[in-house]
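See structure below.
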Amino acid sequence: MTGGAELEVGLGAAFLVVNADDLGYDPEIDRGILESHQGGIVSSASAMVDTPFAPAALAAAPPTLGVGLHAVLDPRLDRGAARAEIERQLARLEELRREPASHLDSHRHVHRAPAILEAMAEVAAPRRLPVRALDPAMRASLRRWGVPVADHFLGDADLRPCWTLERLLAILPQLPPGTTELMCHPGHPPSSTRTSFGPEREVELLALTDPLAFGILRAAGVHLVRHGAR
């Protein structure tokens, strides 16, 4: 995978961050995420840090995979408590990963709540850490705080699976100029974690590792990058 800093691109270029959520959630999910990077188009992952599986998952993640924090937060937290918890989880990730996080987002998108979004912005802005923006309103709010954000976002966790091969191949040639984050959930059926989102992960894994996806990105001139790389 080539970092965006090494690319010679002109105005109107399209950049794509393919981010796999839930690294550290379950060993079989972790295995699928790493496979989707090593043999597919996943360029980035968001990690939970307080599970029993997080240390092994972060140790196994190669340097070529951008790894950010998938913060697990109580949506009822006030701004101060949310900030403290994000700071704690971020420090834990950097301890396990032995390098700074590449970005921030949250499990179940709890940072949509205004107090948590402000807390995340306060943590991210001085570090220049990108934060996931789900819609134009979130994007504008984060930019007012001086937080880097992708220009576009794709993904819907309520679709199970979201990324079938057919849907993925339909969207990749249509990416607009700028940076798009595509959220995905590849993996194998969980072995240790109880979740209703299991077999669908294999569908996404197969789509994200299909050679046709690589071919379409090349044909469309889309640059596959990690968070913060242009």
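We label chains A, B, ... in the order they appear in the structure tokens, count residues from 1 in each chain, and number ligands from 1 in the order shown.
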
Excluding Pro130 of chain A and residues on its chain fewer than 6 positions from it, collect all residues at most 10 Å away from it, counting only C-alpha atoms, and give them as an mmCIF file with N, CA and C atoms, in the first residue's frame.
data_model
loop_
_atom_site.group_PDB
_atom_site.id
_atom_site.type_symbol
_atom_site.label_atom_id
_atom_site.label_comp_id
_atom_site.auth_asym_id
_atom_site.auth_seq_id
_atom_site.Cartn_x
_atom_site.Cartn_y
_atom_site.Cartn_z
ATOM 1 N N GLY A 68 -6.380 3.163 14.854
ATOM 2 C CA GLY A 68 -6.910 4.211 15.709
ATOM 3 C C GLY A 68 -7.737 3.632 16.835
ATOM 4 N N ALA A 101 -1.852 6.657 17.978
ATOM 5 C CA ALA A 101 -3.054 6.279 17.237
ATOM 6 C C ALA A 101 -3.133 7.076 15.944
ATOM 7 N N SER A 102 -3.776 6.493 14.935
ATOM 8 C CA SER A 102 -3.907 7.174 13.652
ATOM 9 C C SER A 102 -5.178 8.018 13.563
ATOM 10 N N HIS A 103 -6.176 7.720 14.416
ATOM 11 C CA HIS A 103 -7.450 8.430 14.326
ATOM 12 C C HIS A 103 -8.315 8.042 15.523
ATOM 13 N N LEU A 104 -9.480 8.661 15.626
ATOM 14 C CA LEU A 104 -10.443 8.363 16.689
ATOM 15 C C LEU A 104 -11.825 8.158 16.087
ATOM 16 N N ASP A 105 -12.549 7.166 16.634
ATOM 17 C CA ASP A 105 -13.985 7.040 16.397
ATOM 18 C C ASP A 105 -14.574 6.332 17.607
ATOM 19 N N ALA A 121 -13.371 16.010 20.330
ATOM 20 C CA ALA A 121 -12.687 17.093 19.631
ATOM 21 C C ALA A 121 -11.589 17.702 20.497
ATOM 22 N N ALA A 124 -8.725 15.325 20.292
ATOM 23 C CA ALA A 124 -8.149 15.136 18.959
ATOM 24 C C ALA A 124 -7.445 16.376 18.429
ATOM 25 N N LEU A 142 -16.673 19.429 13.812
ATOM 26 C CA LEU A 142 -15.302 19.022 14.101
ATOM 27 C C LEU A 142 -14.292 19.969 13.466
ATOM 28 N N GLY A 146 -11.020 22.537 14.733
ATOM 29 C CA GLY A 146 -9.679 22.328 14.183
ATOM 30 C C GLY A 146 -9.286 20.870 14.080
ATOM 31 N N VAL A 147 -10.289 19.984 14.025
ATOM 32 C CA VAL A 147 -10.035 18.543 13.949
ATOM 33 C C VAL A 147 -10.057 18.090 12.489
ATOM 34 N N PRO A 148 -9.049 17.341 12.046
ATOM 35 C CA PRO A 148 -9.082 16.815 10.674
ATOM 36 C C PRO A 148 -10.214 15.793 10.517
ATOM 37 N N VAL A 149 -10.893 15.851 9.400
ATOM 38 C CA VAL A 149 -11.954 14.887 9.102
ATOM 39 C C VAL A 149 -11.904 14.540 7.612
ATOM 40 N N ALA A 150 -12.395 13.354 7.285
ATOM 41 C CA ALA A 150 -12.550 12.991 5.877
ATOM 42 C C ALA A 150 -13.644 13.848 5.259
ATOM 43 N N HIS A 227 -5.630 6.881 7.434
ATOM 44 C CA HIS A 227 -6.052 8.157 7.998
ATOM 45 C C HIS A 227 -4.849 9.088 8.128
ATOM 46 N N GLY A 228 -5.044 10.322 7.715
ATOM 47 C CA GLY A 228 -4.000 11.320 7.827
ATOM 48 C C GLY A 228 -2.975 11.305 6.734
#

Could you give me the residues within segment 3-216 of chain A that DSSP places in helix (DSSP H, G or I), as number ranges by chain? A: 4-6, 27-38, 54-60, 79-97, 107-112, 114-127, 136-144, 165-174, 199-208, 211-216

As a PyMOL selection string, please: the residues near Ile33 of chain A (cut-off 12 Å, only C-alpha atoms, same-chain neighbours under 5 positions excluded). chain A and resi 18-28+38-47+57-58+60-62+65-67+184-189+201-202+204-206+208-209

Smallest atom-to-atom distance to Arg92 of chain A: which of A:Pro55, A:Pro126, A:Pro199, A:Pro75, using only C-alpha atoms?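 Closest to Arg92 of chain A of all the choices is A:Pro55.
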
DSSP strand (DSSP E) residues within segment 61-190 of chain A, as a list in words: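 Matching residues, listed in order: Gly66, Val67, Gly68, Leu69, His70, Ala71, Leu104, Asp105, Ser106, His152, Phe153, Leu154, Gly178, Thr179, Thr180, Glu181, Leu182, Met183 and Cys184 of chain A.
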
Residues as selected, N, CA and C atoms, written as a short mmCIF file (atom, residue, chain, number, x, y, z; two decimals), in the first residue's frame, can you do that?
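selection_15.cif written:
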data_model
loop_
_atom_site.label_atom_id
_atom_site.label_comp_id
_atom_site.auth_asym_id
_atom_site.auth_seq_id
_atom_site.Cartn_x
_atom_site.Cartn_y
_atom_site.Cartn_z
N GLY A 66 -2.99 1.29 9.46
CA GLY A 66 -3.25 2.38 10.39
C GLY A 66 -4.19 1.91 11.49
N VAL A 67 -3.87 2.20 12.74
CA VAL A 67 -4.70 1.75 13.86
C VAL A 67 -5.09 2.95 14.72
N GLY A 68 -6.38 3.16 14.85
CA GLY A 68 -6.91 4.21 15.71
C GLY A 68 -7.74 3.63 16.84
N LEU A 69 -8.30 4.51 17.64
CA LEU A 69 -9.09 4.10 18.81
C LEU A 69 -10.56 4.00 18.45
N HIS A 70 -11.16 2.85 18.75
CA HIS A 70 -12.60 2.64 18.65
C HIS A 70 -13.13 2.77 20.08
N ALA A 71 -13.33 4.00 20.52
CA ALA A 71 -13.63 4.26 21.93
C ALA A 71 -14.97 3.64 22.32
N LEU A 104 -9.48 8.66 15.63
CA LEU A 104 -10.44 8.36 16.69
C LEU A 104 -11.83 8.16 16.09
N ASP A 105 -12.55 7.17 16.63
CA ASP A 105 -13.99 7.04 16.40
C ASP A 105 -14.57 6.33 17.61
N SER A 106 -15.80 5.85 17.52
CA SER A 106 -16.41 5.25 18.71
C SER A 106 -17.31 4.09 18.34
N HIS A 152 -15.85 12.81 3.07
CA HIS A 152 -17.04 12.01 2.82
C HIS A 152 -16.97 10.75 3.68
N PHE A 153 -18.16 10.19 3.98
CA PHE A 153 -18.24 8.97 4.79
C PHE A 153 -19.21 8.00 4.15
N LEU A 154 -18.81 6.73 4.10
CA LEU A 154 -19.66 5.66 3.58
C LEU A 154 -19.70 4.51 4.58
N GLY A 178 -11.44 14.28 -3.13
CA GLY A 178 -11.22 14.43 -1.70
C GLY A 178 -11.02 13.08 -1.05
N THR A 179 -11.11 13.05 0.27
CA THR A 179 -10.91 11.82 1.03
C THR A 179 -12.23 11.26 1.50
N THR A 180 -12.46 9.99 1.23
CA THR A 180 -13.64 9.27 1.69
C THR A 180 -13.23 8.22 2.70
N GLU A 181 -13.91 8.16 3.84
CA GLU A 181 -13.75 7.03 4.75
C GLU A 181 -14.88 6.04 4.50
N LEU A 182 -14.51 4.79 4.24
CA LEU A 182 -15.47 3.72 4.08
C LEU A 182 -15.36 2.81 5.30
N MET A 183 -16.39 2.83 6.14
CA MET A 183 -16.43 2.00 7.33
C MET A 183 -16.89 0.59 6.97
N CYS A 184 -16.21 -0.42 7.51
CA CYS A 184 -16.58 -1.80 7.22
C CYS A 184 -16.38 -2.68 8.46
#

List the spatial neighbours of Ala91 of chain A as a short mmCIF file (atom, residue, chain, number, x, y, z; two decimals) with C-alpha atoms, in the first residue's frame - criterion: any atom at most 9 Å away, only C-alpha atoms, same-chain residues fewer than 5 positions off excluded.
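And here's out-v8.cif as it stands now:
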data_model
loop_
_atom_site.label_atom_id
_atom_site.label_comp_id
_atom_site.auth_asym_id
_atom_site.auth_seq_id
_atom_site.Cartn_x
_atom_site.Cartn_y
_atom_site.Cartn_z
CA ILE A 86 -11.13 8.89 25.81
CA LEU A 96 -0.16 -1.62 23.41
CA PRO A 100 0.50 6.99 18.30
#

In Å, with one decimal, what is the gap from atom CA of Ala125 of chain A to atom CA of Arg108 of chain A?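 Taking atom CA of Ala125 of chain A and atom CA of Arg108 of chain A, their separation equals 21.8 Å.
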
Write out as a PyMOL selection string which residues come within 7 Å of segment 163-172 of chain A when counting only C-alpha atoms, dropping same-chain ones fewer than 3 positions away. chain A and resi 175+203-204+207+213+216-217

Which one of A:Ala137, A:Glu200, A:Leu16, A:Val225 sits closest to Cys162 of chain A if you count only C-alpha atoms?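 The shortest atom-to-atom distance to Cys162 of chain A comes from A:Glu200.
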
I need the residue nearest Leu129 of chain A from this list: A:Asp50, A:Gly32, A:Ser141, A:Leu90. Use only C-alpha atoms for the distance.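 With only C-alpha atoms as the atom set, the closest residue is A:Leu90.
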
Computed gap from atom CA of Trp145 of chain A to atom CA of Ile116 of chain A is 13.5 Å

From the list A:Val49, A:Ala54, A:Gly155, A:Glu118, the nearest residue to Gln89 of chain A using only C-alpha atoms is A:Val49
